[in-house]
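Asker: The file below is input-v9.cif, mmCIF, C-alpha atoms:
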```
data_target
loop_
_atom_site.label_atom_id
_atom_site.label_comp_id
_atom_site.auth_asym_id
_atom_site.auth_seq_id
_atom_site.Cartn_x
_atom_site.Cartn_y
_atom_site.Cartn_z
CA MET A 1 -22.16 46.69 99.65
CA ASP A 2 -19.03 45.45 97.95
CA LYS A 3 -20.87 45.04 94.67
CA GLU A 4 -22.23 48.55 94.96
CA ARG A 5 -18.77 49.99 95.50
CA LYS A 6 -17.41 48.07 92.51
CA GLY A 7 -20.20 49.45 90.33
CA GLY A 8 -19.43 52.96 91.55
CA ILE A 9 -15.77 52.69 90.59
CA ILE A 10 -16.62 51.35 87.13
CA GLY A 11 -19.07 54.21 86.71
CA ILE A 12 -16.39 56.77 87.56
CA ILE A 13 -13.89 55.21 85.17
CA VAL A 14 -16.45 55.10 82.34
CA THR A 15 -17.39 58.75 82.95
CA THR A 16 -13.74 59.82 82.96
CA VAL A 17 -13.13 58.01 79.68
CA ILE A 18 -16.24 59.60 78.13
CA LEU A 19 -15.10 63.06 79.31
CA ILE A 20 -11.62 62.65 77.85
CA LEU A 21 -12.99 61.30 74.55
CA LEU A 22 -15.45 64.20 74.33
CA VAL A 23 -12.67 66.72 74.91
CA ILE A 24 -10.41 65.08 72.33
CA PHE A 25 -13.08 64.69 69.67
CA THR A 26 -14.55 68.16 69.96
CA ASN A 27 -11.13 69.79 69.82
CA THR A 28 -9.35 67.90 67.05
CA ASP A 29 -9.39 69.37 63.58
CA SER A 30 -11.55 67.64 61.03
CA GLU A 31 -8.42 66.61 59.11
CA LYS A 32 -7.23 64.44 61.96
CA VAL A 33 -10.58 62.74 62.31
CA SER A 34 -10.41 61.87 58.63
CA ILE A 35 -8.34 58.74 59.36
CA ILE A 36 -11.31 57.20 61.10
CA GLU A 37 -13.57 58.53 58.37
CA ASN A 38 -11.36 56.89 55.75
CA ILE A 39 -11.48 53.53 57.47
CA ALA A 40 -15.23 53.74 57.86
CA ASN A 41 -15.64 54.72 54.22
CA ASN A 42 -13.37 51.94 52.98
CA MET A 43 -15.54 49.45 54.79
CA VAL A 44 -18.71 50.38 52.93
CA MET A 45 -17.26 51.58 49.62
CA PRO A 46 -17.19 48.23 47.75
CA ILE A 47 -20.81 47.61 48.64
CA GLU A 48 -21.80 51.12 47.59
CA ASN A 49 -19.92 50.73 44.31
CA GLY A 50 -21.60 47.44 43.54
CA LEU A 51 -25.03 48.77 44.34
CA THR A 52 -24.55 51.87 42.21
CA TYR A 53 -23.38 49.73 39.29
CA LEU A 54 -26.44 47.57 39.61
CA LYS A 55 -28.71 50.59 39.80
CA ASN A 56 -27.09 52.07 36.69
CA LYS A 57 -27.53 48.83 34.83
CA ILE A 58 -31.19 48.73 35.67
CA ASN A 59 -31.73 52.34 34.68
CA ASN A 60 -29.81 51.87 31.39
CA ASN A 61 -27.37 54.51 32.49
CA ASP A 62 -24.41 52.55 31.13
CA LYS A 63 -24.86 54.33 27.79
CA PHE A 64 -22.20 56.62 29.17
CA PHE A 65 -19.48 54.29 28.03
CA GLU A 66 -20.54 54.15 24.40
CA ASN A 67 -18.70 57.19 23.12
CA ILE A 68 -15.51 56.34 24.90
CA GLU A 69 -13.20 57.57 22.11
CA GLU A 70 -14.61 61.04 22.21
CA LEU A 71 -14.19 61.19 25.94
CA LYS A 72 -10.57 60.10 25.66
CA THR A 73 -9.61 62.94 23.30
CA GLU A 74 -11.46 65.45 25.41
CA ASN A 75 -9.74 64.20 28.49
CA LYS A 76 -6.34 64.56 26.86
CA SER A 77 -6.89 68.15 25.81
CA LEU A 78 -8.28 69.06 29.21
CA LYS A 79 -5.28 67.54 30.94
CA GLU A 80 -2.92 69.63 28.84
CA LYS A 81 -4.87 72.74 29.65
CA ASN A 82 -4.89 71.83 33.31
CA SER A 83 -1.11 71.46 33.54
CA GLU A 84 -0.68 74.79 31.79
CA LEU A 85 -2.98 76.47 34.31
CA GLU A 86 -1.25 74.77 37.20
CA GLN A 87 2.07 76.17 36.11
CA GLN A 88 0.57 79.65 35.91
CA LEU A 89 -0.93 79.23 39.34
CA ARG A 90 2.44 78.30 40.78
CA GLU A 91 4.00 81.41 39.33
CA PHE A 92 1.22 83.53 40.82
CA GLU A 93 1.69 81.83 44.15
CA ILE A 94 5.36 82.77 44.22
CA ILE A 95 4.60 86.36 43.31
CA LYS A 96 1.83 86.48 45.93
CA ASN A 97 4.11 85.19 48.67
CA GLU A 98 6.84 87.63 47.72
CA ASN A 99 4.33 90.46 47.76
CA ALA A 100 3.03 89.45 51.18
CA GLN A 101 6.54 89.21 52.58
CA LEU A 102 7.57 92.60 51.27
CA LYS A 103 4.37 94.15 52.58
CA GLU A 104 4.93 92.61 55.98
CA GLN A 105 8.48 93.92 56.21
CA LEU A 106 7.35 97.38 55.19
CA ASN A 107 4.43 97.34 57.63
CA LEU A 108 6.43 96.09 60.58
CA ALA A 109 9.02 98.77 60.15
CA GLU A 110 6.31 101.41 59.92
CA LYS A 111 4.11 100.00 62.65
CA TYR A 112 6.46 99.32 65.49
CA GLY A 113 9.09 101.94 64.75
CA GLU A 114 7.31 104.75 66.53
CA PHE A 115 6.18 102.80 69.61
CA THR A 116 8.14 101.77 72.67
CA THR A 117 6.88 98.40 73.81
CA VAL A 118 7.36 96.12 76.81
CA PRO A 119 6.96 92.38 76.17
CA GLY A 120 4.91 90.28 78.59
CA THR A 121 3.81 86.66 78.90
CA ILE A 122 0.23 85.56 79.57
CA ILE A 123 0.05 83.82 82.95
CA SER A 124 -3.68 83.39 83.44
CA ARG A 125 -6.83 83.22 81.34
CA ASP A 126 -10.44 83.86 82.20
CA ILE A 127 -12.34 81.23 84.19
CA SER A 128 -15.71 82.00 82.63
CA ASN A 129 -17.04 81.08 79.19
CA TYR A 130 -18.59 84.48 78.64
CA SER A 131 -15.69 86.85 79.13
CA LYS A 132 -12.14 86.82 77.86
CA THR A 133 -9.77 88.64 80.20
CA LEU A 134 -6.05 87.90 80.38
CA VAL A 135 -3.40 88.44 83.04
CA ILE A 136 0.21 89.12 82.02
CA ASN A 137 3.40 88.95 84.07
CA ILE A 138 4.44 92.62 83.84
CA GLY A 139 3.01 95.43 85.94
CA SER A 140 3.58 98.96 87.14
CA ASP A 141 7.18 98.07 88.05
CA ASN A 142 7.85 97.64 84.32
CA GLY A 143 6.14 100.90 83.42
CA VAL A 144 2.75 99.47 82.53
CA GLN A 145 -0.16 101.74 83.39
CA GLU A 146 -3.93 101.57 83.04
CA LYS A 147 -5.48 102.16 79.59
CA MET A 148 -2.31 101.32 77.70
CA THR A 149 -2.78 99.55 74.36
CA VAL A 150 -1.70 95.91 74.15
CA ILE A 151 -0.69 94.38 70.81
CA ALA A 152 0.80 91.17 69.45
CA ASP A 153 2.87 90.64 66.30
CA GLU A 154 -0.28 90.18 64.21
CA GLY A 155 -2.35 93.06 65.56
CA LEU A 156 -4.44 94.49 68.39
CA VAL A 157 -5.04 92.44 71.55
CA GLY A 158 -6.76 94.82 73.97
CA TYR A 159 -6.00 97.32 76.71
CA VAL A 160 -4.79 97.29 80.30
CA VAL A 161 -7.66 97.47 82.81
CA THR A 162 -5.84 97.30 86.14
CA THR A 163 -2.24 96.87 87.21
CA THR A 164 -0.44 95.62 90.29
CA ASN A 165 3.33 95.75 90.88
CA LYS A 166 4.03 92.58 88.97
CA THR A 167 0.90 91.83 86.92
CA ALA A 168 -1.59 93.57 84.65
CA LYS A 169 -5.13 92.60 83.70
CA ILE A 170 -6.03 92.99 80.02
CA GLN A 171 -9.48 93.27 78.53
CA THR A 172 -9.23 91.69 75.08
CA ILE A 173 -11.11 93.08 72.08
CA ILE A 174 -13.05 89.80 71.76
CA ASP A 175 -14.47 90.16 75.29
CA SER A 176 -18.23 90.59 75.15
CA ALA A 177 -18.02 93.79 77.21
CA SER A 178 -15.46 95.38 74.87
CA ALA A 179 -16.15 97.91 72.11
CA THR A 180 -13.46 99.31 69.79
CA SER A 181 -13.77 102.21 67.40
CA CYS A 182 -12.42 101.09 64.01
CA LEU A 183 -11.86 102.16 60.41
CA ALA A 184 -11.96 100.12 57.20
CA SER A 185 -8.49 100.60 55.73
CA SER A 186 -9.34 101.35 52.10
CA THR A 187 -12.77 103.01 52.26
CA ARG A 188 -12.15 104.82 55.61
CA ASP A 189 -15.63 103.95 56.90
CA THR A 190 -15.96 104.04 60.68
CA MET A 191 -17.55 101.29 62.73
CA ILE A 192 -17.78 100.03 66.31
CA CYS A 193 -16.37 96.52 66.79
CA LYS A 194 -17.91 94.62 69.68
CA GLY A 195 -16.82 91.27 71.10
CA THR A 196 -19.15 88.28 71.10
CA ILE A 197 -19.58 85.32 73.44
CA GLU A 198 -18.88 82.87 70.62
CA ASN A 199 -15.77 80.76 70.85
CA LYS A 200 -14.39 82.21 67.64
CA PRO A 201 -11.87 85.04 67.35
CA ALA A 202 -14.50 87.24 65.73
CA LEU A 203 -15.97 90.70 66.29
CA SER A 204 -19.27 92.10 65.17
CA ALA A 205 -19.02 95.58 63.65
CA SER A 206 -22.07 97.79 63.98
CA ASN A 207 -22.87 101.52 63.71
CA ILE A 208 -21.84 101.47 60.05
CA ALA A 209 -22.86 104.56 58.07
CA THR A 210 -25.76 104.01 55.65
CA ASP A 211 -23.71 105.12 52.63
CA ALA A 212 -20.62 103.11 53.60
CA ARG A 213 -19.13 100.83 50.95
CA ILE A 214 -17.70 98.04 53.04
CA ILE A 215 -15.84 95.38 51.08
CA GLN A 216 -15.38 91.80 52.13
CA GLY A 217 -11.70 91.06 52.75
CA ASP A 218 -10.80 94.65 53.54
CA SER A 219 -8.55 95.09 56.56
CA VAL A 220 -9.74 96.95 59.65
CA GLU A 221 -7.65 99.19 61.90
CA THR A 222 -8.22 101.24 65.03
CA SER A 223 -9.49 104.78 64.46
CA GLY A 224 -7.90 106.36 67.54
CA LEU A 225 -11.24 107.70 68.73
CA GLY A 226 -12.28 107.00 72.31
CA GLY A 227 -8.95 107.78 73.87
CA ILE A 228 -7.79 104.25 74.65
CA TYR A 229 -6.37 102.69 71.51
CA VAL A 230 -3.62 104.20 69.39
CA LYS A 231 -4.60 105.07 65.82
CA GLY A 232 -3.77 102.74 62.96
CA ILE A 233 -3.25 99.38 64.66
CA HIS A 234 -4.35 96.40 62.59
CA VAL A 235 -7.43 94.65 64.08
CA GLY A 236 -8.44 92.07 61.48
CA THR A 237 -10.20 91.54 58.16
CA ILE A 238 -13.84 91.83 57.21
CA LYS A 239 -15.14 88.31 56.74
CA LYS A 240 -18.79 88.85 55.98
CA VAL A 241 -21.11 91.81 55.48
CA ASN A 242 -24.65 91.18 56.70
CA LYS A 243 -27.32 93.45 55.29
CA GLY A 244 -30.12 93.92 57.78
CA SER A 245 -33.79 94.39 57.02
CA ASN A 246 -33.11 98.09 56.54
CA LYS A 247 -30.03 100.17 55.85
CA THR A 248 -29.33 101.16 59.43
CA ASP A 249 -28.99 97.73 60.98
CA SER A 250 -26.45 96.17 58.66
CA TYR A 251 -23.42 94.75 60.42
CA ALA A 252 -20.17 93.04 59.49
CA THR A 253 -18.30 90.09 60.98
CA ILE A 254 -14.60 90.73 61.47
CA GLU A 255 -12.02 88.00 61.88
CA THR A 256 -9.31 89.16 64.27
CA ALA A 257 -5.71 89.00 63.11
CA VAL A 258 -4.58 87.65 66.50
CA ASP A 259 -5.33 84.02 67.33
CA PHE A 260 -6.35 84.43 70.97
CA GLU A 261 -6.36 80.70 71.68
CA LYS A 262 -2.69 80.36 70.88
CA LEU A 263 -1.56 83.78 72.09
CA GLU A 264 1.36 83.55 74.51
CA THR A 265 3.32 86.79 74.47
CA VAL A 266 2.02 90.32 74.04
CA LEU A 267 3.54 93.81 73.74
CA VAL A 268 2.34 96.77 75.82
CA ILE A 269 2.77 100.16 74.14
CA THR A 270 4.15 102.49 76.81
CA ASN A 271 4.57 105.77 74.90
CA GLN A 272 1.18 106.54 73.44
CA MET B 1 -8.73 72.30 115.84
CA LYS B 2 -10.42 70.04 113.34
CA LYS B 3 -12.68 72.90 112.29
CA ALA B 4 -9.66 75.09 111.52
CA LEU B 5 -8.19 72.29 109.43
CA ILE B 6 -11.44 72.03 107.46
CA HIS B 7 -11.40 75.74 106.67
CA ILE B 8 -7.73 75.70 105.65
CA GLY B 9 -8.46 72.68 103.46
CA LEU B 10 -11.34 74.49 101.77
CA ILE B 11 -9.21 77.55 101.03
CA PHE B 12 -6.50 75.32 99.54
CA THR B 13 -9.11 73.53 97.43
CA PHE B 14 -10.31 76.91 96.20
CA ILE B 15 -6.82 77.98 95.16
CA ILE B 16 -6.17 74.66 93.40
CA ILE B 17 -9.51 74.92 91.58
CA TYR B 18 -8.69 78.49 90.51
CA LEU B 19 -5.35 77.39 89.08
CA LEU B 20 -6.94 74.38 87.36
CA GLN B 21 -9.69 76.54 85.93
CA SER B 22 -7.44 79.33 84.62
CA ILE B 23 -4.55 77.19 83.34
CA PHE B 24 -5.66 73.60 82.73
CA PHE B 25 -9.32 73.84 81.75
CA SER B 26 -8.83 76.76 79.33
CA GLY B 27 -7.20 74.15 77.08
CA PHE B 28 -9.14 71.04 78.17
CA THR B 29 -12.52 72.01 76.76
CA ILE B 30 -15.56 70.37 75.19
CA ALA B 31 -16.08 72.25 71.91
CA GLY B 32 -14.33 75.29 73.38
CA VAL B 33 -16.44 75.43 76.54
CA MET B 34 -14.89 75.18 80.01
CA PRO B 35 -16.62 73.65 83.04
CA ASN B 36 -17.14 75.74 86.16
CA ILE B 37 -15.85 73.86 89.18
CA PHE B 38 -16.54 76.81 91.47
CA ILE B 39 -20.22 75.98 91.15
CA ILE B 40 -19.51 72.40 92.26
CA LEU B 41 -17.40 73.70 95.15
CA MET B 42 -20.15 76.06 96.30
CA LEU B 43 -22.73 73.29 95.98
CA TYR B 44 -20.52 71.10 98.14
CA ILE B 45 -20.02 73.77 100.81
CA GLY B 46 -23.71 74.67 100.84
CA LEU B 47 -24.85 71.05 101.08
CA TYR B 48 -22.52 69.89 103.81
CA MET B 49 -21.85 73.07 105.81
CA GLY B 50 -25.15 74.93 105.64
CA ARG B 51 -26.38 78.02 103.86
CA THR B 52 -24.75 80.64 106.12
CA THR B 53 -21.30 79.16 105.60
CA GLY B 54 -22.11 78.77 101.91
CA PHE B 55 -23.05 82.44 101.69
CA ILE B 56 -19.90 83.63 103.48
CA TYR B 57 -17.57 81.39 101.46
CA GLY B 58 -19.30 82.45 98.23
CA MET B 59 -18.68 86.10 99.08
CA ILE B 60 -15.01 85.59 99.97
CA PHE B 61 -14.15 83.30 97.03
CA GLY B 62 -16.05 85.55 94.61
CA ILE B 63 -14.19 88.66 95.76
CA PHE B 64 -10.87 86.90 95.15
CA ILE B 65 -11.95 85.72 91.67
CA ASP B 66 -13.05 89.27 90.84
CA ILE B 67 -9.72 90.69 91.99
CA TRP B 68 -7.69 88.12 90.09
CA ILE B 69 -9.49 87.94 86.77
CA GLY B 70 -12.91 89.62 86.86
CA GLN B 71 -13.93 92.94 85.40
CA THR B 72 -16.52 94.19 87.88
CA LEU B 73 -15.74 93.81 91.57
CA GLY B 74 -18.51 92.02 93.44
CA LEU B 75 -20.24 90.39 90.48
CA THR B 76 -18.91 86.83 90.82
CA SER B 77 -19.01 87.30 94.58
CA PHE B 78 -22.75 87.94 94.54
CA VAL B 79 -23.53 85.02 92.24
CA LEU B 80 -21.35 82.52 94.12
CA ALA B 81 -22.93 83.60 97.44
CA LEU B 82 -26.32 83.03 95.83
CA ILE B 83 -25.32 79.50 94.80
CA GLY B 84 -23.97 78.77 98.30
CA THR B 85 -27.24 79.91 99.88
CA ILE B 86 -29.43 78.04 97.41
CA SER B 87 -27.54 74.77 97.82
CA GLY B 88 -27.80 75.17 101.61
CA MET B 89 -31.55 75.50 101.20
CA LEU B 90 -31.69 72.52 98.81
CA ASP B 91 -30.17 70.34 101.54
CA ARG B 92 -33.23 70.90 103.73
CA THR B 93 -35.65 69.62 101.11
CA PHE B 94 -33.71 66.94 99.25
CA SER B 95 -31.48 64.04 100.27
CA LYS B 96 -27.87 64.32 99.21
CA ASP B 97 -27.32 60.56 99.52
CA SER B 98 -28.48 59.99 95.98
CA ARG B 99 -26.06 60.66 93.16
CA ILE B 100 -28.85 61.60 90.75
CA ILE B 101 -30.27 64.22 93.12
CA VAL B 102 -26.83 65.81 93.54
CA ILE B 103 -26.36 65.85 89.76
CA LEU B 104 -29.74 67.54 89.31
CA MET B 105 -28.79 70.08 91.96
CA GLY B 106 -25.57 70.71 90.03
CA VAL B 107 -27.54 71.28 86.82
CA ALA B 108 -29.90 73.68 88.59
CA CYS B 109 -27.02 75.59 90.19
CA THR B 110 -25.17 75.87 86.85
CA ILE B 111 -28.27 77.30 85.18
CA ILE B 112 -28.93 79.77 88.01
CA TYR B 113 -25.26 80.84 88.13
CA GLU B 114 -24.79 81.42 84.41
CA VAL B 115 -28.17 83.04 83.75
CA THR B 116 -27.81 85.43 86.71
CA LEU B 117 -24.23 86.28 85.78
CA TYR B 118 -25.12 86.86 82.13
CA PHE B 119 -28.07 89.05 83.08
CA LEU B 120 -25.96 91.12 85.50
CA GLN B 121 -23.18 91.44 82.89
CA PHE B 122 -25.80 92.65 80.44
CA MET B 123 -27.11 95.22 82.92
CA ILE B 124 -23.71 96.47 84.13
CA ASN B 125 -21.33 96.12 81.17
CA GLY B 126 -23.90 96.40 78.38
CA ILE B 127 -22.85 93.27 76.50
CA ASN B 128 -24.70 92.13 73.39
CA VAL B 129 -27.55 89.67 73.88
CA GLU B 130 -26.91 86.48 71.91
CA ILE B 131 -29.51 84.08 73.24
CA PHE B 132 -28.80 81.10 70.97
CA GLU B 133 -25.06 81.23 71.49
CA PHE B 134 -25.61 81.62 75.23
CA ILE B 135 -27.90 78.57 75.43
CA LYS B 136 -25.45 76.51 73.38
CA ILE B 137 -22.57 77.32 75.73
CA LEU B 138 -24.80 76.78 78.78
CA LEU B 139 -25.90 73.30 77.62
CA ILE B 140 -22.33 72.15 76.96
CA GLU B 141 -21.26 73.55 80.32
CA ILE B 142 -24.06 71.64 82.06
CA VAL B 143 -22.92 68.40 80.41
CA TYR B 144 -19.31 69.06 81.43
CA ASN B 145 -20.25 69.90 85.03
CA THR B 146 -22.46 66.81 85.24
CA LEU B 147 -19.61 64.55 84.13
CA LEU B 148 -17.33 66.17 86.72
CA ILE B 149 -19.92 65.72 89.49
CA ILE B 150 -20.24 62.02 88.59
CA ILE B 151 -16.48 61.66 88.89
CA LEU B 152 -16.13 63.73 92.06
CA TYR B 153 -19.26 62.50 93.89
CA PRO B 154 -17.66 59.70 95.98
CA LEU B 155 -14.97 62.12 97.17
CA MET B 156 -17.61 64.75 97.95
CA LYS B 157 -19.71 62.24 99.87
CA PHE B 158 -16.84 60.78 101.86
CA THR B 159 -15.27 64.09 102.93
CA GLY B 160 -18.67 65.76 103.15
CA TYR B 161 -19.99 63.55 105.95
CA GLU B 162 -16.82 64.03 107.95
CA ILE B 163 -17.18 67.78 107.59
CA GLU B 164 -20.91 67.70 108.34
CA ASN B 165 -20.37 65.75 111.55
CA GLU B 166 -17.79 68.26 112.66
CA VAL B 167 -19.56 71.45 111.65
CA LYS B 168 -23.21 70.68 112.26
CA GLY B 169 -22.56 68.31 115.17
CA ASP B 170 -25.70 67.30 117.04
CA LYS B 171 -28.02 69.08 114.68
CA ILE B 172 -28.11 66.21 112.20
CA LEU B 173 -30.28 63.36 113.29
CA THR B 174 -32.28 62.48 110.24
CA ARG B 175 -29.55 60.40 108.70
CA TYR B 176 -29.56 57.86 111.50
CA PHE B 177 -33.29 57.16 111.49
#
```
Let's see the structure in the file written out as structure tokens.
Answerer:
Amino acid sequence: MDKERKGGIIGIIVTTVILILLVIFTNTDSEKVSIIENIANNMVMPIENGLTYLKNKINNNDKFFENIEELKTENKSLKEKNSELEQQLREFEIIKNENAQLKEQLNLAEKYGEFTTVPGTIISRDISNYSKTLVINIGSDNGVQEKMTVIADEGLVGYVVTTTNKTAKIQTIIDSASATSCLASSTRDTMICKGTIENKPALSASNIATDARIIQGDSVETSGLGGIYVKGIHVGTIKKVNKGSNKTDSYATIETAVDFEKLETVLVITNQ
Amino acid sequence: MKKALIHIGLIFTFIIIYLLQSIFFSGFTIAGVMPNIFIILMLYIGLYMGRTTGFIYGMIFGIFIDIWIGQTLGLTSFVLALIGTISGMLDRTFSKDSRIIVILMGVACTIIYEVTLYFLQFMINGINVEIFEFIKILLIEIVYNTLLIIILYPLMKFTGYEIENEVKGDKILTRYF
């Protein structure tokens, strides 16, 4: 009996450790795992190097090193060219950043100037893996009503489904039951953006016109159709255009501007 | 008196699980997938308190979940009541003394819960059908729930027999023969 109990406790501890390790490993970025990868690689690298050298010797591949002078001069000229290009790249980078900053300032002033917003904090997230509803800590006492648009600094979040005195329930645009009418910013093509059950902040855009010229990287905004969302709110960028077997079933994947995993505060537009 | 305490304890457990699920587990995930402890709770209630109690508790807990976070009132309620009833019925056929059997019951309940809920969501809210993605999430969720059942099983067994003695009373004889 005692032995059995001991075994049970060890089993529980082992399971807990496995659970925690699983959670940590599946959620860390690949960059962080690279320390372990490095160590593992360093262990086998000398052997790999030696074996490759041997293999090369056998295959007479060491002819490579015969014209070493030529390689040296080529290397030198390439290095010079490389540094030149790097400098150019840096200059472009600065200009790009400046451009982005200026654009952002201009956009923010335009975007939020006309709306009155109430800020709220997310207090609860969905308990299911297949839907993505949020609850925020402001309600009808703060002037929040049903069907009001909810945004964050980066773009559209969703709309208010129900309210109580102190809380409001939001259906996010990435919820699988949500559909948003959208426009591609530059080509003005309309599309319907539906949420998916994937764990990525991505939408799938369907109902695209057959003659639409959708460009990868173009930004997507709300069209104002449907009566829920305000027109012209940034939704995300087109990540990939998938051509179907025929013209009518092509669809696009849209990466949302808002990172829903890290979202903490939202703004409810009260004067739409 | 003791019965009242049991019911109060269950309601408290439910609230704690809800808070855990909506605050803690939304960050503590395996590859972005949360477990569903409500399924384990309903399995527990169904196994140790019978299918009628399981059904009633499933209805009540589900209604609260729908009010707090759900989109369609009655959806979670229906599915949780279903799980409560099924686990009550499982108790008649299988022994709950074995850890493996309880784990298998947990796996079955998770599959029934998620598939039914997804199907109903599809019928009511018209969500897109993404079978591969759905199966991927379901498999990870099953693994997560299984690990949690392994951890929680001794607690379930210990408190479960106390509850069963109190609630079912003289009706249980099989265990002593």
Asker: Just say which residues the PyMOL selection byres ((chain B) within 6 of (chain A)) picks in this file, as a VMD selection string.
Answerer: chain B and resid 21 to 22 29 to 31 125 127 151
Asker: Excluding region 249-251 of chain A and any residue of its chain fewer than 2 positions from it, enumerate the residues within 8 Å of it, using all atoms listed in the file, and give them as a list of chain:residue names.
Answerer: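 Result of the neighbour search: A:Ser204, A:Ala205, A:Ser206, A:Asn207, A:Ile208, A:Val241, A:Asn242, A:Lys243, A:Gly244, A:Ser245, A:Asn246, A:Lys247, A:Thr253.
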Asker: Could you tell me how far CA of Met191 (chain A) sits from CA of Ala209 (chain A), in Å to one decimal place?
Answerer: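 According to the coordinates, CA of Ala209 (chain A) and CA of Met191 (chain A) are separated by 7.8 Å.
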Asker: Tell me which residues come within 10 Å of (-13.4, 74.3, 99.5), as an MDAnalysis selection string, counting all atoms listed in the file in the file's coordinates.
Answerer: chainID B and resid 6:17 38 40:42 44:45 57 61
Asker: Go through B:Asn128, B:Ile142, B:Ala4, B:Asp66 and flag the residue nearest Leu203 (chain A), using only C-alpha atoms for the distances.
Answerer: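 That would be B:Asn128, the residue with the smallest distance to Leu203 (chain A).
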Asker: How would you write, as a PyMOL selection string, the residues chosen by the PyMOL selection byres ((chain A and resi 237) around 8) on this structure?
Answerer: chain A and resi 216-220+235-236+238-239+254-257
Asker: Taking the file as shown, what set of residues would the PyMOL selection byres ((chain A and resi 223) around 7) give back, as a PyMOL selection string?
Answerer: chain A and resi 181-183+221-222+224-225+231-232
Asker: Just the selected residues (C-alpha atoms), exported as a tab-separated table (two decimals), in the frame of the given file, please.
Answerer:
```
chain	number	residue	atom	x	y	z
A	181	SER	CA	-13.77	102.21	67.40
A	182	CYS	CA	-12.42	101.09	64.01
A	183	LEU	CA	-11.86	102.16	60.41
A	221	GLU	CA	-7.65	99.19	61.90
A	222	THR	CA	-8.22	101.24	65.03
A	224	GLY	CA	-7.90	106.36	67.54
A	225	LEU	CA	-11.24	107.70	68.73
A	231	LYS	CA	-4.60	105.07	65.82
A	232	GLY	CA	-3.77	102.74	62.96
```
Asker: Measure the distance from CA of Met123 (chain B) to CA of Gln71 (chain B) in Å and round it to one decimal.
Answerer: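 We find that CA of Met123 (chain B) and CA of Gln71 (chain B) lie 13.6 Å from each other.
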Asker: Closest to Ile136 (chain A) among B:Val107, B:Leu138, B:Ile69, B:Val143, using all atoms listed in the file?
Answerer: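 Distance minimum relative to Ile136 (chain A) lands on B:Ile69.
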Asker: Residues within 6 Å of (-23.5, 76.2, 93.7), file coordinates, counting only C-alpha atoms: what are they? Give the list as a list in words.
Answerer: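 Returned residue set, sorted by chain then number, is Ile39, Ile40, Met42, Leu43, Ile83, Gly84, Ser87 and Cys109 of chain B.
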Asker: So what do you get for CA of Glu70 (chain A) versus CA of Glu48 (chain A), distance-wise?
Answerer: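 Going from CA of Glu70 (chain A) over to CA of Glu48 (chain A), I get 28.2 Å.
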Asker: Would you please work out which residue, of B:Leu80, B:Leu47, B:Lys168, B:Asn145, is nearest to Ile63 (chain B) when using all atoms listed in the file?
Answerer: B:Leu80
Asker: Excluding Phe78 (chain B) and its own-chain neighbours fewer than 4 positions away, which residues fall within 8 Å of it when counting only C-alpha atoms? Please give them as a PDB file with C-alpha atoms, in the frame of the given file.
Answerer:
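Okay, this is what ended up in part.pdb:
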```pdb
ATOM      1  CA  GLY B  58     -19.300  82.450  98.230  1.00  0.00           C
ATOM      2  CA  MET B  59     -18.680  86.100  99.080  1.00  0.00           C
ATOM      3  CA  GLY B  62     -16.050  85.550  94.610  1.00  0.00           C
ATOM      4  CA  GLY B  74     -18.510  92.020  93.440  1.00  0.00           C
ATOM      5  CA  LEU B  82     -26.320  83.030  95.830  1.00  0.00           C
TER       6      LEU B  82
END
```
Asker: Measuring atom to atom with only C-alpha atoms, identify which of A:Gln145, A:Asn56, A:Thr116, A:Thr163 is nearest to Ile67 (chain B).
Answerer: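 Smallest distance to Ile67 (chain B) is found for A:Thr163.
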Asker: So which residues touch Leu90 (chain B) within 9 Å, counting only C-alpha atoms, skipping near sequence neighbours fewer than 5 positions away, as a ChimeraX atom specification?
Answerer: /B:46-47,85,95,105
Asker: For each of B:Ile23, B:Val79, B:Ile112, B:Met49, take the minimum atom-to-atom distance to Asp91 (chain B), counting all atoms listed in the file, then give the residue where this is smallest.
Answerer: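 Checking each of B:Ile23, B:Val79, B:Ile112, B:Met49 against Asp91 (chain B), counting all atoms listed in the file, the winner is B:Met49.
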